[in-house]
There are 2 protein chains.
Amino acid sequence: MRVFGVDPGLTRCGFGVVDGGPGRAVKIVAVDVVRTSVDDELAIRLMHLADEVEVWLDRYRPEVIAIERVFSQHNVRTAMATAQAGGVVALAAARRGLPVMFHTPSEVKAAVTGSGRADKAQVTMMVTKLLGLVEAPKPADAADALALAICHIWRAPMQSRMAQAQAKAAEMARTHKLKLAQAAKNGGRTK
Amino acid sequence: MRVFGVDPGLTRCGFGVVDGGPGRAVKIVAVDVVRTSVDDELAIRLMHLADEVEVWLDRYRPEVIAIERVFSQHNVRTAMATAQAGGVVALAAARRGLPVMFHTPSEVKAAVTGSGRADKAQVTMMVTKLLGLVEAPKPADAADALALAICHIWRAPMQSRMAQAQAKAAEMARTHKLKLAQAAKNGGRTK
């Protein structure tokens, strides 16, 4: 499985492509940080980022995109820009029919370090180790993107089992509701 | 000037197109609320929204897009989805070379009601009145989208004057800095 991990951002957006599978070693394919100019307007910056995503999708042909799910940040303006960046990345993937998965920072940290509260240095160290890199990917956004891809590779089998279980439960609930409604309707008619 | 106002959201996204100019009456062209299914994944919902934006851009050919700038919401998850929705709308406009402007809710309220702290009912009432509508646009997201477009029409001349002034000030600052650097360099050489 080839995963394109994206640590969304407008000033710096981390891109990392990793090959791997459950129980197999992970292998780095590409890593970089895409920057857009603070002098440009928001919409233009989003477009530049989206263009870069298209280039990477063309070049590396990932099977799935894993994006960091932003919950909150101290700076609301930054959080919004980050969410908007994540949105255009998700859109580019959806337009190509690629599955998009979101993982929270703590899921990513837990996946690569064993602790959901690990710091950036620890994440970078583990990413460097797991991918067998000679030096640490810099800046942190680049390491985070690789961590996201690794996290997805390792979590994917569990997530897909959970999604199947949820879909089954929802289907059962629907069938049950339908039967109840049918029973109520029949009951109503016989009155 | 034809403005496409967008009150971003994934569950309900308000779309409103308004014609007008500074000092002229505003005229409604179209209004609607686009919904995406909560059963779909986020990326798919963003794609459906983006598709709908494309349809409206083709159909109504606005000259500018005005989007509500989301600063914070009680529910962080909703705020993020709203920001992501706004991001894909801005991207669609940028791809067509259309200018995208963001206005805060209080700017919009102040523009149509005179008060930045007006409530939703007041905004809806004023939008109905200003556009000479027989009945109030529903739901509130539809009225908000129209209010955004009106706000933009009225604020645009002021904003463009401010942007020009800012660009001029930045240019002057750059020239000044360059001269200082040049002076320092020359000073360094003669030492």
# chains A, B, ... in the order shown; residues from 1 in each chain; ligands from 1
>>> interface_residues(of="chain B", to="chain A", cutoff="10 Å", atoms="only C-alpha atoms", output="PyMOL selection string")
chain B and resi 41-51+69-72+75-95+97-102
>>> residues_around(residues="range 31-38 of chain B", least_positions_apart="4", cutoff="8 Å", atoms="only C-alpha atoms", output="number ranges by chain")
B: 10-17, 45, 48-49, 52, 137, 139, 141-142, 145-146
>>> residues_around(residues="range 20-24 of chain A", least_positions_apart="6", cutoff="7 Å", atoms="only C-alpha atoms", output="PDB file with C-alpha atoms, in the first residue's frame")
ATOM      1  CA  MET A   1       0.000   0.000   0.000  1.00  0.00           C
ATOM      2  CA  ARG A   2       1.287   3.435  -0.943  1.00  0.00           C
ATOM      3  CA  ILE A 153      -0.510   1.942   7.050  1.00  0.00           C
ATOM      4  CA  TRP A 154      -0.589   0.421  10.515  1.00  0.00           C
TER       5      TRP A 154
END
>>> calpha_fit_rmsd(fixed="chain B", moving="chain A")
0.1 Å
